[in-house]
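The structure file query09.txt is reproduced below (compact mmCIF, C-alpha atoms).
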# COMPACT_ATOMS: atom_id res chain seq x y z
CA MET O 1 26.02 9.42 -19.51
CA ARG O 2 26.17 12.87 -21.14
CA LEU O 3 27.87 11.43 -24.25
CA ARG O 4 25.14 8.79 -24.50
CA HIS O 5 22.46 11.53 -24.49
CA CYS O 6 24.33 13.49 -27.17
CA VAL O 7 24.64 10.44 -29.40
CA LEU O 8 20.97 9.60 -28.87
CA GLY O 9 19.99 13.19 -29.71
CA VAL O 10 22.03 13.12 -32.92
CA LEU O 11 20.50 9.79 -33.94
CA VAL O 12 16.97 11.04 -33.30
CA ALA O 13 17.66 14.22 -35.28
CA LEU O 14 19.08 12.18 -38.15
CA ALA O 15 16.04 9.87 -38.11
CA VAL O 16 13.71 12.88 -38.22
CA ILE O 17 15.61 14.44 -41.14
CA LEU O 18 15.72 11.17 -43.10
CA SER O 19 12.00 10.58 -42.46
CA TRP O 20 11.17 14.08 -43.68
CA LEU O 21 13.28 13.59 -46.81
CA TRP O 22 11.62 10.25 -47.59
CA PHE O 23 8.16 11.67 -46.98
CA THR O 24 8.87 14.70 -49.17
CA MET O 25 10.82 13.07 -52.00
CA LEU O 26 9.82 9.42 -52.24
CA SER O 27 6.59 8.77 -50.38
CA PRO O 28 3.64 7.86 -52.57
CA LEU O 29 1.46 9.72 -50.03
CA THR O 30 2.60 13.27 -50.77
CA TYR O 31 2.31 13.72 -54.55
CA ASP O 32 0.34 12.20 -57.37
CA ARG O 33 1.26 13.57 -60.77
CA PRO O 34 -1.92 15.19 -62.13
CA ALA O 35 -3.46 13.13 -64.93
CA HIS O 36 -3.73 16.12 -67.29
CA LEU O 37 0.08 16.50 -67.52
CA PRO O 38 1.71 15.05 -70.63
CA PRO O 39 4.17 12.19 -70.18
CA ILE O 40 7.85 13.05 -69.90
CA GLU O 41 9.78 12.40 -73.10
CA GLN O 42 12.80 10.12 -72.86
CA GLY O 43 16.23 11.66 -73.40
CA GLU O 44 18.09 14.61 -71.99
CA HIS O 45 16.38 17.73 -70.69
CA ALA O 46 18.01 21.06 -69.84
CA VAL O 47 16.54 22.66 -66.71
CA PHE O 48 17.20 26.24 -65.56
CA VAL O 49 17.32 26.37 -61.75
CA TYR O 50 17.24 29.63 -59.83
CA GLY O 51 16.33 28.73 -56.24
CA THR O 52 17.00 25.83 -53.89
CA LEU O 53 17.99 23.54 -56.77
CA ARG O 54 21.12 25.65 -57.27
CA PHE O 55 22.55 23.89 -54.22
CA ALA O 56 24.27 20.57 -54.99
CA PRO O 57 23.14 18.85 -51.75
CA VAL O 58 19.51 19.65 -52.57
CA ARG O 59 19.88 18.26 -56.11
CA TRP O 60 21.55 15.16 -54.69
CA VAL O 61 18.62 14.54 -52.35
CA VAL O 62 16.02 15.29 -55.04
CA MET O 63 17.59 13.53 -58.04
CA GLY O 64 20.01 11.08 -56.50
CA ARG O 65 23.04 13.00 -57.81
CA ALA O 66 24.29 16.56 -57.69
CA GLY O 67 25.08 16.74 -61.39
CA GLU O 68 27.22 19.29 -63.17
CA THR O 69 25.76 22.75 -63.71
CA GLU O 70 26.58 25.66 -65.98
CA ALA O 71 25.94 29.29 -65.12
CA ALA O 72 23.04 30.74 -67.09
CA ILE O 73 20.99 33.92 -67.30
CA LEU O 74 17.33 34.54 -68.09
CA ASP O 75 16.81 38.08 -69.41
CA GLY O 76 13.58 40.01 -69.00
CA PHE O 77 12.64 38.52 -65.62
CA ARG O 78 13.28 39.06 -61.93
CA ARG O 79 12.86 36.78 -58.95
CA GLU O 80 9.96 37.55 -56.67
CA GLY O 81 9.84 35.13 -53.79
CA LEU O 82 9.42 31.66 -55.23
CA ASP O 83 8.60 32.79 -58.76
CA LEU O 84 9.83 34.73 -61.75
CA THR O 85 8.06 37.87 -62.91
CA GLU O 86 8.44 39.50 -66.30
CA ALA O 87 10.62 42.59 -65.87
CA PRO O 88 12.10 44.20 -69.00
CA GLY O 89 15.72 45.19 -68.49
CA GLU O 90 16.25 42.84 -65.55
CA ARG O 91 17.71 39.36 -65.39
CA VAL O 92 17.79 36.25 -63.25
CA GLU O 93 21.05 34.44 -62.68
CA GLY O 94 20.81 30.70 -62.30
CA GLU O 95 22.26 27.44 -63.50
CA VAL O 96 21.41 24.86 -66.12
CA ILE O 97 21.54 21.19 -65.31
CA VAL O 98 21.03 18.43 -67.87
CA VAL O 99 18.89 15.57 -66.58
CA ASP O 100 17.34 12.39 -67.93
CA ALA O 101 13.60 11.61 -67.93
CA ASP O 102 13.68 9.88 -64.52
CA GLU O 103 15.52 12.81 -62.94
CA LEU O 104 13.09 15.26 -64.54
CA GLU O 105 10.25 13.28 -63.01
CA ARG O 106 11.91 13.61 -59.60
CA LEU O 107 12.34 17.36 -60.13
CA ASP O 108 8.65 17.58 -61.08
CA ARG O 109 7.78 15.81 -57.84
CA TYR O 110 9.97 18.18 -55.82
CA GLU O 111 8.35 21.22 -57.45
CA ARG O 112 4.86 19.64 -57.23
CA LEU O 113 4.30 20.05 -60.97
CA GLY O 114 0.68 20.80 -61.78
CA ILE O 115 -0.08 21.68 -58.16
CA ARG O 116 2.39 24.43 -57.23
CA TYR O 117 4.42 24.90 -60.41
CA GLN O 118 4.22 24.50 -64.15
CA ARG O 119 7.25 23.57 -66.25
CA VAL O 120 7.65 25.73 -69.34
CA PRO O 121 10.35 25.92 -72.01
CA MET O 122 12.09 29.30 -72.21
CA ARG O 123 15.01 30.68 -74.17
CA LEU O 124 17.99 31.70 -72.04
CA THR O 125 20.28 34.62 -72.82
CA ASP O 126 22.83 32.35 -74.52
CA GLY O 127 20.17 30.98 -76.90
CA ARG O 128 19.62 27.62 -75.20
CA VAL O 129 16.09 26.51 -74.47
CA ALA O 130 15.58 25.04 -71.01
CA TRP O 131 12.68 23.98 -68.83
CA ILE O 132 11.87 26.53 -66.13
CA TYR O 133 9.53 25.98 -63.19
CA ARG O 134 7.04 28.86 -62.79
CA ARG O 135 4.49 29.18 -59.99
CA LEU O 136 0.92 28.46 -60.95
CA ASN O 137 -1.34 31.40 -60.26
CA GLU O 138 -4.15 31.00 -57.73
CA THR O 139 -6.77 30.61 -60.47
CA ALA O 140 -4.89 27.71 -62.05
CA ARG O 141 -4.40 26.02 -58.66
CA SER O 142 -7.96 26.28 -57.41
CA PRO O 143 -10.62 23.92 -58.72
CA GLN O 144 -12.84 25.39 -61.43
CA VAL O 145 -16.35 26.23 -60.28
CA ASP O 146 -19.19 25.91 -62.75
CA ALA O 147 -21.19 29.16 -62.75
CA SER O 148 -24.43 27.27 -63.47
CA ASP O 149 -24.34 25.49 -60.10

What's the structure tokens form of this structure?
Amino acid sequence: MRLRHCVLGVLVALAVILSWLWFTMLSPLTYDRPAHLPPIEQGEHAVFVYGTLRFAPVRWVVMGRAGETEAAILDGFRREGLDLTEAPGERVEGEVIVVDADELERLDRYERLGIRYQRVPMRLTDGRVAWIYRRLNETARSPQVDASD
């Protein structure tokens, strides 16, 4: 009887985790790409990751594959919470992953592009240019209010 309860508990936990992953990554209910964002160009895209996307299991869930990464450094910045802040003389260690347009779209969804983050091209220490997700400031995230109202 005890084994049956353990198995049932594990199955319920697994169902909860899988439901959360579907809701977060694939559900059409949780993210609509803002209309003002330009379409994603076909081809390969280099992306500098410095947070949760450094972990292969997270990339596998988000993109459908872990992908190969290369160590990379972004000079002149430091990590502050979930964002990067300009900081002369400092650096952020991360990784670069090369993705296709569909995978970049899935990364945009994960980062809530246009809602929580913007994706900007930046030059890394080794000279490569890669997309980097930067937090949108509060002004950019809040709806604009017309002063004449």

* Of the listed residues O:Val129, O:Val10, O:Met122, O:Ala101, that which approaches Ile40 in chain O most closely, counting only C-alpha atoms -> O:Ala101

* **Test item: which residues lie within 8 Å of (17.1, 14.1, -69.1) counting all atoms listed in the file, as a PyMOL selection string** => chain O and resi 42-46+98-104

Could you take the residues named above and write them with C-alpha atoms, as a tab-separated table (two decimals), in the frame of the given file?
chain	number	residue	atom	x	y	z
O	42	GLN	CA	12.80	10.12	-72.86
O	43	GLY	CA	16.23	11.66	-73.40
O	44	GLU	CA	18.09	14.61	-71.99
O	45	HIS	CA	16.38	17.73	-70.69
O	46	ALA	CA	18.01	21.06	-69.84
O	98	VAL	CA	21.03	18.43	-67.87
O	99	VAL	CA	18.89	15.57	-66.58
O	100	ASP	CA	17.34	12.39	-67.93
O	101	ALA	CA	13.60	11.61	-67.93
O	102	ASP	CA	13.68	9.88	-64.52
O	103	GLU	CA	15.52	12.81	-62.94
O	104	LEU	CA	13.09	15.26	-64.54

* Asked: Any idea what's packed within 12 Å of Arg65 in chain O, counting only C-alpha atoms, ignoring anything in its chain fewer than 4 positions away? Could you give it as a PyMOL selection string?
  -> chain O and resi 53+55-61+69+97-100+102-103+106-107

* Tell me which of O:Arg116, O:Arg79, O:Arg4, O:Arg91 sits closest to Arg33 in chain O, counting all atoms listed in the file. => O:Arg116

I'd like a table as JSON lines: residues in range 27-64 of chain O with an atom no more than 12 Å from range 123-127 of chain O, each row giving the shortest atom pair and its distance in Å to one decimal, all atoms listed in the file counted, sorted by chain and rising residue number.
{"residue": "O:Ala46", "atom": "CA", "partner": "O:Leu124", "partner_atom": "CA", "distance": 10.9}
{"residue": "O:Val47", "atom": "CA", "partner": "O:Leu124", "partner_atom": "CA", "distance": 10.6}
{"residue": "O:Phe48", "atom": "CA", "partner": "O:Leu124", "partner_atom": "CA", "distance": 8.5}
{"residue": "O:Val49", "atom": "CA", "partner": "O:Leu124", "partner_atom": "CA", "distance": 11.6}

Quick one: axis-aligned box around all listed atoms of range 72-82 of chain O, 4 Å on every side, centre and edge lengths in Å to one decimal, written as JSON.
{"center_x": 16.2, "center_y": 35.4, "center_z": -61.6, "size_x": 21.6, "size_y": 17.3, "size_z": 23.6}

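Closest to Asn137 in chain O among O:Gly94, O:Pro39, O:Gly114, O:Gly51 is O:Gly114, based on all atoms listed in the file.
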
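Near Arg135 in chain O, within 9 Å and counting all atoms listed in the file, sit O:Leu82, O:Asp83, O:Leu84, O:Ile115, O:Arg116, O:Tyr117, O:Gln118, O:Arg119, not including residues fewer than 6 positions from it in the same chain.
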
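Here CA of Ala72 in chain O and CA of Trp131 in chain O stand 12.5 Å from one another.
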
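Remark: for Leu113 in chain O, the closest of the candidate residues O:Gly9, O:Pro88, O:Pro34, O:Gly64 is O:Pro34 (distances computed over all atoms listed in the file).
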
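CA of Val120 in chain O lies 19.2 Å from CA of Glu70 in chain O.
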
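CA of Glu93 in chain O lies 6.8 Å from CA of Tyr50 in chain O.
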
* Pick the closest to Val62 in chain O from O:Arg78, O:His36, O:Arg134, O:Arg109: which is it, counting all atoms listed in the file? -> O:Arg109

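Each of O:Tyr110, O:Asp75, O:Met63, O:Leu11 was checked against Thr30 in chain O using only C-alpha atoms; the smallest atom-to-atom distance is that of O:Tyr110.
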